[in-house]
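*Asks:* Got final27.txt for you, compact mmCIF, C-alpha atoms:
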```
# COMPACT_ATOMS: atom_id res chain seq x y z
CA MET A 1 -7.11 -7.43 17.59
CA THR A 2 -7.19 -11.21 17.09
CA THR A 3 -4.19 -13.37 17.94
CA PRO A 4 -2.20 -14.05 14.76
CA LEU A 5 -1.56 -17.56 13.58
CA LEU A 6 2.22 -17.05 13.59
CA SER A 7 4.44 -14.34 15.08
CA LEU A 8 8.24 -14.48 14.75
CA THR A 9 11.07 -12.20 15.84
CA TRP A 10 14.45 -12.82 14.21
CA THR A 11 17.78 -11.36 15.32
CA ASP A 12 20.52 -11.06 12.72
CA HIS A 13 23.72 -12.68 13.96
CA VAL A 14 25.91 -10.21 12.02
CA THR A 15 24.39 -6.82 12.86
CA GLY A 16 22.13 -7.57 15.82
CA ARG A 17 19.21 -5.96 14.01
CA GLN A 18 15.80 -7.54 14.17
CA GLY A 19 13.29 -8.71 11.60
CA PHE A 20 9.72 -9.90 12.00
CA LEU A 21 7.16 -12.12 10.33
CA VAL A 22 3.49 -12.19 11.30
CA VAL A 23 0.92 -14.40 9.62
CA ASP A 24 -2.54 -13.26 10.64
CA ARG A 25 -4.33 -16.17 8.96
CA LEU A 26 -4.19 -18.59 6.04
CA VAL A 27 -6.85 -19.11 3.40
CA ARG A 28 -6.41 -22.25 1.31
CA GLY A 29 -3.15 -22.62 3.19
CA VAL A 30 -1.62 -19.37 1.88
CA SER A 31 -1.13 -15.80 3.11
CA SER A 32 -0.22 -12.55 1.35
CA GLY A 33 1.72 -9.53 2.57
CA GLY A 34 4.75 -7.47 1.61
CA LEU A 35 8.11 -7.05 3.30
CA ARG A 36 9.07 -3.59 4.53
CA MET A 37 12.42 -2.25 5.68
CA ARG A 38 12.58 0.87 7.79
CA PRO A 39 14.46 2.05 10.88
CA GLY A 40 12.32 1.54 13.97
CA CYS A 41 10.11 -1.19 12.52
CA THR A 42 8.50 -3.17 15.36
CA LEU A 43 6.64 -6.42 15.90
CA ASP A 44 3.49 -4.52 16.89
CA GLU A 45 3.63 -2.59 13.62
CA VAL A 46 3.99 -5.77 11.56
CA THR A 47 1.18 -7.43 13.51
CA GLY A 48 -1.20 -4.58 12.70
CA LEU A 49 -0.16 -4.66 9.05
CA ALA A 50 -0.78 -8.41 8.82
CA LEU A 51 -4.32 -7.98 10.14
CA GLY A 52 -4.82 -5.19 7.62
CA MET A 53 -3.77 -7.55 4.83
CA SER A 54 -6.43 -10.07 5.88
CA MET A 55 -9.01 -7.32 5.58
CA LYS A 56 -7.69 -6.12 2.20
CA GLU A 57 -7.97 -9.64 0.82
CA ALA A 58 -11.53 -9.98 2.15
CA LEU A 59 -12.60 -6.57 0.84
CA HIS A 60 -11.58 -7.50 -2.70
CA TYR A 61 -13.39 -10.84 -2.68
CA ASP A 62 -15.52 -11.27 -5.80
CA PRO A 63 -17.24 -14.66 -6.15
CA GLU A 64 -17.29 -14.22 -9.94
CA ALA A 65 -13.54 -13.56 -10.23
CA ARG A 66 -10.66 -15.97 -10.67
CA TYR A 67 -8.71 -14.12 -7.97
CA VAL A 68 -8.69 -16.33 -4.90
CA PRO A 69 -8.53 -14.38 -1.62
CA LEU A 70 -5.62 -15.30 0.62
CA GLY A 71 -4.93 -14.80 4.29
CA GLY A 72 -3.01 -11.79 5.57
CA ALA A 73 0.65 -11.61 6.56
CA LYS A 74 3.50 -9.09 6.76
CA GLY A 75 7.25 -9.02 7.13
CA GLY A 76 9.42 -6.25 8.52
CA ILE A 77 13.11 -5.48 9.06
CA ASP A 78 14.37 -2.79 11.42
CA CYS A 79 16.97 -1.10 9.22
CA ASP A 80 17.37 1.98 7.06
CA PRO A 81 17.27 0.72 3.45
CA ARG A 82 20.02 3.22 2.62
CA ASP A 83 22.38 1.55 5.11
CA PRO A 84 25.32 -0.19 3.38
CA GLU A 85 24.48 -3.34 5.35
CA ALA A 86 20.82 -3.35 4.30
CA TYR A 87 21.05 -5.73 1.35
CA GLY A 88 23.11 -8.31 3.22
CA LEU A 89 20.63 -8.09 6.08
CA LEU A 90 17.75 -8.65 3.64
CA VAL A 91 19.45 -11.73 2.20
CA ARG A 92 20.01 -13.25 5.65
CA TYR A 93 16.41 -12.50 6.64
CA LEU A 94 15.05 -14.19 3.51
CA ARG A 95 17.36 -17.15 3.99
CA THR A 96 15.90 -17.64 7.47
CA MET A 97 12.31 -17.15 6.25
CA ARG A 98 12.76 -19.34 3.17
CA PRO A 99 10.71 -22.31 4.53
CA TYR A 100 7.74 -20.03 5.19
CA ILE A 101 7.96 -18.36 1.77
CA GLU A 102 8.16 -21.75 0.10
CA SER A 103 5.17 -23.04 2.05
CA PHE A 104 2.61 -20.34 2.88
CA TRP A 105 3.83 -16.71 2.83
CA THR A 106 3.71 -14.81 -0.48
CA THR A 107 5.56 -11.51 -0.23
CA GLY A 108 6.91 -8.64 -2.27
CA GLU A 109 7.94 -5.01 -2.15
CA ASP A 110 6.77 -2.64 0.56
CA LEU A 111 8.07 0.48 2.26
CA GLY A 112 11.84 0.76 1.76
CA LEU A 113 12.14 -2.16 -0.68
CA THR A 114 11.47 -2.39 -4.39
CA GLN A 115 10.39 -5.58 -6.11
CA ASP A 116 13.61 -5.86 -8.10
CA VAL A 117 15.63 -5.86 -4.87
CA VAL A 118 13.32 -8.45 -3.29
CA ASP A 119 13.59 -10.60 -6.43
CA ARG A 120 17.38 -10.37 -6.52
CA ALA A 121 17.73 -11.30 -2.85
CA SER A 122 15.16 -14.10 -3.20
CA ALA A 123 17.12 -15.64 -6.07
CA GLU A 124 20.31 -15.37 -4.04
CA VAL A 125 18.85 -17.51 -1.25
CA GLY A 126 17.50 -20.12 -3.67
CA LEU A 127 13.83 -19.18 -3.81
CA VAL A 128 11.94 -19.78 -7.04
CA SER A 129 9.94 -16.62 -6.38
CA SER A 130 8.82 -14.50 -3.46
CA ILE A 131 5.24 -15.58 -4.25
CA GLN A 132 5.88 -19.25 -5.00
CA ALA A 133 3.57 -20.45 -2.19
CA VAL A 134 0.56 -19.45 -4.30
CA TYR A 135 1.64 -21.42 -7.37
CA PRO A 136 -0.17 -24.66 -6.34
CA LEU A 137 -3.46 -22.69 -6.45
CA LEU A 138 -3.00 -21.76 -10.13
CA ASP A 139 -4.65 -23.67 -12.97
CA ASP A 140 -1.81 -22.83 -15.36
CA GLU A 141 1.31 -21.94 -13.40
CA ALA A 142 3.56 -21.33 -16.40
CA GLY A 143 1.01 -19.10 -18.12
CA ALA A 144 0.24 -17.19 -14.94
CA ARG A 145 3.90 -16.54 -14.16
CA ARG A 146 4.54 -15.40 -17.73
CA ARG A 147 1.53 -13.06 -17.55
CA LEU A 148 2.73 -11.47 -14.30
CA ALA A 149 6.30 -11.11 -15.63
CA ASP A 150 4.95 -9.43 -18.75
CA ALA A 151 2.89 -7.06 -16.62
CA PHE A 152 5.93 -6.07 -14.58
CA ALA A 153 7.75 -5.26 -17.83
CA VAL A 154 5.08 -2.74 -18.86
CA GLU A 155 6.02 0.93 -18.50
CA VAL A 156 3.85 4.03 -18.86
CA ASP A 157 5.72 7.30 -19.41
CA GLY A 158 8.88 5.68 -18.08
CA ILE A 159 7.33 4.33 -14.87
CA GLY A 160 6.56 0.67 -14.27
CA LEU A 161 2.93 -0.46 -14.25
CA ASP A 162 3.53 -2.14 -10.88
CA GLU A 163 4.39 1.28 -9.42
CA LEU A 164 1.39 3.02 -10.97
CA VAL A 165 -1.55 0.77 -10.09
CA GLY A 166 -1.33 1.52 -6.37
CA GLY A 167 -1.46 5.26 -6.93
CA CYS A 168 -4.29 4.79 -9.42
CA GLY A 169 -6.23 3.06 -6.65
CA VAL A 170 -5.53 5.82 -4.11
CA ALA A 171 -6.61 8.46 -6.62
CA GLU A 172 -9.87 6.65 -7.38
CA SER A 173 -10.68 6.48 -3.67
CA VAL A 174 -10.15 10.24 -3.37
CA LEU A 175 -12.18 10.97 -6.51
CA THR A 176 -15.03 8.78 -5.26
CA ALA A 177 -15.15 10.71 -1.98
CA LEU A 178 -15.20 14.02 -3.86
CA ASP A 179 -17.95 12.79 -6.17
CA ARG A 180 -20.11 11.72 -3.24
CA ALA A 181 -19.66 15.15 -1.67
CA GLY A 182 -20.29 17.01 -4.91
CA VAL A 183 -16.89 18.74 -4.79
CA PRO A 184 -15.42 19.67 -8.22
CA TYR A 185 -11.94 18.37 -8.94
CA TRP A 186 -10.62 21.68 -10.22
CA ARG A 187 -11.26 23.34 -6.85
CA THR A 188 -9.52 20.62 -4.86
CA ARG A 189 -5.99 21.04 -3.53
CA VAL A 190 -3.83 18.14 -2.39
CA ALA A 191 -0.76 17.72 -0.15
CA VAL A 192 1.20 14.47 -0.40
CA GLN A 193 3.70 13.17 2.13
CA GLY A 194 6.14 10.92 0.35
CA LEU A 195 6.94 10.96 -3.37
CA GLY A 196 8.05 7.34 -3.65
CA THR A 197 6.18 4.57 -5.44
CA MET A 198 2.75 5.15 -3.91
CA GLY A 199 2.91 8.90 -3.30
CA GLY A 200 4.38 9.71 -6.69
CA ALA A 201 1.82 7.69 -8.62
CA THR A 202 -1.01 9.14 -6.54
CA ALA A 203 0.16 12.69 -7.24
CA ARG A 204 0.35 11.94 -10.96
CA PHE A 205 -3.16 10.46 -11.21
CA LEU A 206 -4.76 13.20 -9.10
CA THR A 207 -3.06 15.92 -11.14
CA ARG A 208 -4.22 14.35 -14.38
CA ALA A 209 -7.76 14.18 -12.99
CA GLY A 210 -7.69 17.95 -12.57
CA LEU A 211 -6.78 18.36 -8.91
CA THR A 212 -3.95 20.68 -7.86
CA VAL A 213 -1.07 19.27 -5.82
CA VAL A 214 0.14 22.20 -3.74
CA ALA A 215 2.69 20.41 -1.51
CA VAL A 216 4.83 17.29 -1.44
CA ALA A 217 7.15 16.18 1.33
CA ASP A 218 10.21 13.96 1.23
CA ILE A 219 13.07 13.25 3.60
CA LYS A 220 14.58 16.71 2.92
CA GLY A 221 11.43 18.69 3.75
CA THR A 222 8.26 20.02 2.15
CA ILE A 223 8.04 21.60 -1.30
CA ALA A 224 5.01 23.87 -1.65
CA ASN A 225 3.42 26.14 -4.19
CA PRO A 226 -0.15 27.40 -3.63
CA ALA A 227 -0.55 27.78 -7.40
CA GLY A 228 0.31 24.11 -7.90
CA LEU A 229 3.50 22.09 -8.33
CA ASP A 230 4.82 20.69 -11.60
CA ILE A 231 4.41 17.06 -10.56
CA GLU A 232 5.89 15.55 -13.72
CA SER A 233 9.10 17.56 -13.25
CA LEU A 234 9.35 16.54 -9.60
CA LEU A 235 8.78 12.89 -10.45
CA ALA A 236 11.52 13.04 -13.06
CA ALA A 237 13.88 14.55 -10.47
CA ARG A 238 13.39 11.81 -7.83
CA ASP A 239 16.02 9.34 -6.72
CA ALA A 240 15.25 5.67 -5.98
CA TYR A 241 13.94 6.59 -2.51
CA GLY A 242 11.58 9.34 -3.65
CA THR A 243 13.85 12.27 -2.71
CA VAL A 244 13.52 15.22 -5.09
CA ASP A 245 16.56 17.04 -6.47
CA ARG A 246 15.92 20.65 -5.41
CA ALA A 247 17.56 21.89 -8.60
CA ALA A 248 14.29 20.96 -10.34
CA LEU A 249 12.22 23.48 -8.34
CA ARG A 250 10.59 26.39 -10.16
CA PRO A 251 10.81 30.04 -8.99
CA GLY A 252 7.39 29.89 -7.27
CA ASP A 253 8.17 26.70 -5.35
CA ARG A 254 9.03 27.13 -1.68
CA GLU A 255 11.06 24.88 0.59
CA LEU A 256 9.42 24.41 4.00
CA PRO A 257 10.10 22.20 7.05
CA GLY A 258 9.40 18.49 6.78
CA ASP A 259 6.10 18.52 8.66
CA ALA A 260 4.71 21.64 6.94
CA TRP A 261 2.62 19.48 4.58
CA LEU A 262 0.26 18.77 7.48
CA ALA A 263 -0.88 22.38 7.78
CA VAL A 264 -0.85 23.36 4.10
CA GLU A 265 -4.13 24.83 2.87
CA ALA A 266 -5.54 21.82 1.04
CA GLU A 267 -8.75 19.83 0.90
CA VAL A 268 -7.02 16.44 0.74
CA LEU A 269 -3.98 15.11 2.58
CA VAL A 270 -2.29 11.95 1.34
CA PRO A 271 0.19 10.46 3.84
CA ALA A 272 2.05 8.04 1.57
CA ALA A 273 5.31 7.41 3.39
CA VAL A 274 5.43 6.03 6.93
CA SER A 275 3.17 4.71 9.66
CA TYR A 276 1.99 6.71 12.70
CA VAL A 277 2.76 10.12 11.17
CA ILE A 278 -0.49 11.77 12.34
CA ASP A 279 -1.01 11.69 16.10
CA ALA A 280 -3.28 13.24 18.69
CA THR A 281 -1.09 16.33 18.90
CA ASN A 282 -0.29 17.27 15.31
CA GLN A 283 -3.78 16.42 14.00
CA GLY A 284 -4.87 19.80 15.31
CA ARG A 285 -2.82 21.49 12.58
CA ILE A 286 -4.79 19.79 9.81
CA THR A 287 -7.39 21.86 7.96
CA ALA A 288 -8.10 19.35 5.18
CA ARG A 289 -11.49 17.71 4.79
CA TRP A 290 -10.19 14.29 3.74
CA ILE A 291 -7.14 12.21 4.61
CA ALA A 292 -6.42 9.33 2.20
CA GLU A 293 -4.16 6.74 3.82
CA ALA A 294 -1.87 5.75 0.96
CA ALA A 295 0.64 4.54 3.56
CA ASN A 296 -0.19 1.78 6.02
CA MET A 297 -1.45 2.96 9.42
CA PRO A 298 -0.36 6.63 9.11
CA VAL A 299 -3.13 7.95 11.40
CA ARG A 300 -3.11 6.85 15.02
CA PRO A 301 -6.49 5.78 16.46
CA LYS A 302 -6.76 8.68 18.93
CA ALA A 303 -5.94 11.14 16.15
CA GLU A 304 -8.63 9.63 13.95
CA GLU A 305 -11.15 10.00 16.75
CA LEU A 306 -10.28 13.67 17.16
CA LEU A 307 -10.30 14.27 13.42
CA ALA A 308 -13.74 12.68 13.07
CA ALA A 309 -15.07 14.97 15.79
CA ARG A 310 -13.84 17.93 13.68
CA GLY A 311 -15.53 16.63 10.54
CA VAL A 312 -12.36 15.29 8.87
CA THR A 313 -12.91 12.01 7.03
CA VAL A 314 -10.09 9.45 7.07
CA LEU A 315 -10.25 7.15 4.06
CA PRO A 316 -8.64 4.01 5.57
CA ASP A 317 -5.56 2.22 4.31
CA VAL A 318 -7.28 -1.16 4.06
CA VAL A 319 -9.37 0.35 1.27
CA VAL A 320 -7.27 3.17 -0.18
CA ASN A 321 -3.94 1.42 -0.75
CA SER A 322 -5.27 -2.07 -1.48
CA ALA A 323 -5.00 -1.92 -5.28
CA THR A 324 -1.34 -2.93 -5.52
CA ASN A 325 -1.91 -6.22 -3.73
CA ALA A 326 -5.10 -6.86 -5.67
CA TRP A 327 -3.41 -6.08 -9.02
CA TRP A 328 -0.81 -8.82 -8.42
CA TRP A 329 -3.55 -11.40 -7.95
CA TRP A 330 -5.90 -10.08 -10.66
CA THR A 331 -3.00 -10.49 -13.06
CA LEU A 332 -1.63 -13.79 -11.76
CA PHE A 333 -5.03 -15.50 -11.62
CA GLY A 334 -6.02 -14.12 -15.03
CA ASP A 335 -8.79 -11.63 -14.30
CA ILE A 336 -6.77 -9.09 -16.32
CA GLY A 337 -3.94 -9.29 -18.81
CA PRO A 338 -0.50 -7.63 -18.83
CA ASP A 339 -1.85 -4.40 -20.29
CA ALA A 340 -1.78 -0.92 -18.74
CA ASP A 341 -5.17 0.24 -20.00
CA GLU A 342 -6.84 -2.95 -18.81
CA ALA A 343 -5.11 -2.74 -15.44
CA PHE A 344 -6.08 0.89 -14.88
CA ALA A 345 -9.69 0.31 -15.98
CA HIS A 346 -10.09 -2.69 -13.68
CA THR A 347 -8.44 -0.84 -10.80
CA GLN A 348 -10.65 2.20 -11.28
CA ARG A 349 -13.84 0.14 -11.35
CA SER A 350 -12.90 -1.96 -8.36
CA MET A 351 -11.62 0.88 -6.20
CA ARG A 352 -14.58 3.14 -6.95
CA ALA A 353 -17.01 0.36 -6.05
CA LEU A 354 -15.14 -0.52 -2.86
CA THR A 355 -14.75 3.09 -1.70
CA ASP A 356 -18.37 3.90 -2.48
CA ARG A 357 -19.54 0.82 -0.60
CA THR A 358 -17.39 1.74 2.38
CA LEU A 359 -18.56 5.34 2.56
CA ALA A 360 -22.20 4.31 2.11
CA ARG A 361 -21.85 1.77 4.95
CA ALA A 362 -20.24 4.41 7.17
CA GLU A 363 -23.13 6.80 6.53
CA ALA A 364 -25.74 4.10 7.14
CA ASP A 365 -24.10 2.91 10.36
CA GLY A 366 -23.20 6.39 11.59
CA THR A 367 -19.57 5.39 11.97
CA THR A 368 -16.16 6.02 10.40
CA PRO A 369 -15.07 4.62 7.03
CA ARG A 370 -12.50 2.47 8.84
CA ALA A 371 -15.13 0.88 11.05
CA ALA A 372 -17.31 0.40 7.97
CA ALA A 373 -14.48 -1.30 6.06
CA HIS A 374 -13.83 -3.60 9.00
CA ALA A 375 -17.54 -4.47 9.13
CA ILE A 376 -17.62 -5.27 5.41
CA ALA A 377 -14.53 -7.47 5.75
CA ALA A 378 -16.04 -9.21 8.78
CA ASP A 379 -19.18 -9.95 6.76
CA ARG A 380 -17.15 -11.44 3.92
CA LEU A 381 -14.67 -13.54 5.89
CA PRO A 382 -17.19 -16.27 6.83
CA VAL A 383 -18.23 -16.53 3.17
CA ILE A 384 -14.60 -16.87 2.10
CA VAL A 385 -13.91 -19.44 4.80
CA GLU A 386 -16.97 -21.47 3.82
CA ARG A 387 -15.96 -21.48 0.17
CA PHE A 388 -12.21 -21.90 0.42
CA GLY A 389 -11.44 -23.07 3.96
CA ARG A 390 -9.08 -21.55 6.48
CA HIS A 391 -6.19 -22.75 8.56
CA ARG A 392 -5.51 -21.05 11.88
```
Could you take the file, read its structure, and then write that structure out as structure tokens?

*Replies:*
Amino acid sequence: MTTPLLSLTWTDHVTGRQGFLVVDRLVRGVSSGGLRMRPGCTLDEVTGLALGMSMKEALHYDPEARYVPLGGAKGGIDCDPRDPEAYGLLVRYLRTMRPYIESFWTTGEDLGLTQDVVDRASAEVGLVSSIQAVYPLLDDEAGARRRLADAFAVEVDGIGLDELVGGCGVAESVLTALDRAGVPYWRTRVAVQGLGTMGGATARFLTRAGLTVVAVADIKGTIANPAGLDIESLLAARDAYGTVDRAALRPGDRELPGDAWLAVEAEVLVPAAVSYVIDATNQGRITARWIAEAANMPVRPKAEELLAARGVTVLPDVVVNSATNAWWWWTLFGDIGPDADEAFAHTQRSMRALTDRTLARAEADGTTPRAAAHAIAADRLPVIVERFGRHR
């Protein structure tokens, strides 16, 4: 892992809790990466996520597009977002980080935080926007900001477009892997850990593609049904943190322990909640053929090595969950408009091409998809630096 450009640890004077900011690199003087809030968040975690953001930006580089790749960054706060002190802590963190957000760190929602909460706290500390550092790179700032605001106002079946594009991207990565393997959708079962923004949207898109979601897990445990779950009913019964009201369960649905999703009979596992959930020990319980990392860094390196030896393919986070970040910039820079159909079509094309390229590179190099994605990003970074410049 390269040494990041900037690494900060902040201690809140009120609660004693810590927050972190890591800027892996800048491109054209700007970096991109969300802000997460979760108990146990660490500097090492945020450092790894910032490097991952640099790779996500590089992987989506298209010399014909208006979208300008940025450097990678990430913020993190060690706190349960349900804690009564969480919002005040967020405000104090953003107040401290305000000079960086104004100058070179564009941020937004991530695990534990929604964009509306980030926006409210940002306004409270006097920020124009959580992504204002990118505004000088825009040809028409007013038009771009209006386009992004309009896109955030779009809803599909009662769910915001900003919540759906990430899951659309995860689903397309899974479908691409199935297509390459010649596996029919209707015979494919899926287990999803986490029914929040990313996990919920992924479950919806995979179900609508014809796959069967047989298990979902939230903070209360795993809900399973080998005949398939009614995903739309479960999504409608979620709270703001992705926890399902058990009153919505059907007679055939079973409640199992929280980690039961790992061992459910399914072809695809989608960890979409927290980092480091699959380790060298519990990976032995997995019988799935594919793991799609909708969350950031859910599979530990040793676990991935053991899974690969057993023929389990891990579709890496830097590819699988990259659509949300890319959608922001496609919209802001004007590659797409504030329209759901256009956003989904662009996401589907881009994610299928990227996943297919990654899997083809892995096959050609005889390596894992993660190593292949890293190699593709490494090939592109010098091109991006030559065209746009980099500050380290």

*Asks:* Wanna dump the range 292-384 of chain A-range 192-203 of chain A contacts at 9 Å for me, each residue with its shortest atom pair and the distance in Å to one decimal, counting only C-alpha atoms, ordered by chain and number, as CSV?

*Replies:*
```
residue,atom,partner,partner_atom,distance
A:Ala294,CA,A:Met198,CA,6.7
A:Ala295,CA,A:Met198,CA,7.8
A:Asn321,CA,A:Met198,CA,8.3
```

*Asks:* Would you mind telling me which residue in A:Thr207, A:Thr15, A:Ser7, A:Gln348 lies nearest to Leu43 in chain A when using all atoms listed in the file?

*Replies:*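 Using all atoms listed in the file, the shortest distance to Leu43 in chain A belongs to A:Ser7.
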
*Asks:* Quick one: residues within 9 Å of (-1.2, 11.7, 23.2) (file frame), counting only C-alpha atoms, please, as an MDAnalysis selection string.

*Replies:* chainID A and resid 279:281 302:303

*Asks:* Any idea what's packed within 12 Å of Leu249 in chain A, counting all atoms listed in the file, ignoring anything in its chain fewer than 6 positions away? Could you give it as an MDAnalysis selection string?

*Replies:* chainID A and resid 216 222:225 228:238 255

*Asks:* Please save C-alpha atoms of the selected residues as a compact mmCIF listing (two decimals), keeping the file's coordinate frame.

*Replies:*
```txt
# COMPACT_ATOMS: atom_id res chain seq x y z
CA VAL A 216 4.83 17.29 -1.44
CA THR A 222 8.26 20.02 2.15
CA ILE A 223 8.04 21.60 -1.30
CA ALA A 224 5.01 23.87 -1.65
CA ASN A 225 3.42 26.14 -4.19
CA GLY A 228 0.31 24.11 -7.90
CA LEU A 229 3.50 22.09 -8.33
CA ASP A 230 4.82 20.69 -11.60
CA ILE A 231 4.41 17.06 -10.56
CA GLU A 232 5.89 15.55 -13.72
CA SER A 233 9.10 17.56 -13.25
CA LEU A 234 9.35 16.54 -9.60
CA LEU A 235 8.78 12.89 -10.45
CA ALA A 236 11.52 13.04 -13.06
CA ALA A 237 13.88 14.55 -10.47
CA ARG A 238 13.39 11.81 -7.83
CA GLU A 255 11.06 24.88 0.59
```

*Asks:* Leaving out Tyr87 in chain A and any residue of its chain fewer than 5 positions from it, which residues lie within 12 Å of it when counting all atoms listed in the file, given as a ChimeraX atom specification?

*Replies:* /A:37,77,79-82,92-94,112-114,117-122,124

*Asks:* Using all atoms listed in the file, can you tell me which of A:Lys220, A:Arg370, A:Arg380, A:Arg98 comes closest to Val319 in chain A?

*Replies:*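 Closest candidate: A:Arg370.
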
*Asks:* Rank nothing, just name the residue among A:Arg66, A:His346, A:Lys74, A:His60 nearest to Leu5 in chain A, using only C-alpha atoms.

*Replies:*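 Using only C-alpha atoms, Leu5 in chain A sits closest to A:Lys74.
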
*Asks:* Could you state the separation of CA of Gly166 in chain A and CA of Ala323 in chain A in Å, given to one decimal place?

*Replies:* 5.1 Å

*Asks:* What separation in Å, quoted to one decimal, exists between CA of Thr9 in chain A and CA of Ala272 in chain A?

*Replies:* 26.4 Å

*Asks:* Would you please work out which residue, of A:Val264, A:Asp253, A:Arg246, A:Ser173, is nearest to Thr358 in chain A when using all atoms listed in the file?

*Replies:*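 Smallest separation from Thr358 in chain A among the options: A:Ser173.
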
*Asks:* Mind giving me the straight-line distance from CA of Thr355 in chain A to CA of Leu315 in chain A in Å, one decimal?

*Replies:* 8.4 Å

*Asks:* With a distance cut-off of 6 Å and only C-alpha atoms, select the neighbouring residues of range 44-51 of chain A, excluding the residue or stretch itself and same-chain residues fewer than 5 positions from it, and output the selection as JSON, numbers by chain.

*Replies:* {"A": [22, 24, 72, 73, 74]}

*Asks:* Would you compute an axis-aligned box for range 320-329 of chain A, covering every atom listed for it in the file with 5 Å of margin on each side, and report centre and edge lengths in Å to one decimal as JSON?

*Replies:*
```
{"center_x": -4.0, "center_y": -4.1, "center_z": -4.6, "size_x": 16.5, "size_y": 24.6, "size_z": 18.8}
```

*Asks:* Rank nothing, just name the residue among A:Val299, A:Val312, A:Ala149, A:Ala288 nearest to Ser275 in chain A, using all atoms listed in the file.

*Replies:*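 Of A:Val299, A:Val312, A:Ala149, A:Ala288, the one nearest Ser275 in chain A is A:Val299, counting all atoms listed in the file.
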
*Asks:* Give me, as a list in words, all polymer residues having an atom no more than 7 Å from Ala171 in chain A, counting only C-alpha atoms and skipping those fewer than 4 positions away in the same chain.

*Replies:*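 Close residues of Ala171 in chain A: Gly167, Leu175, Thr202, Phe205 and Leu206 of chain A.
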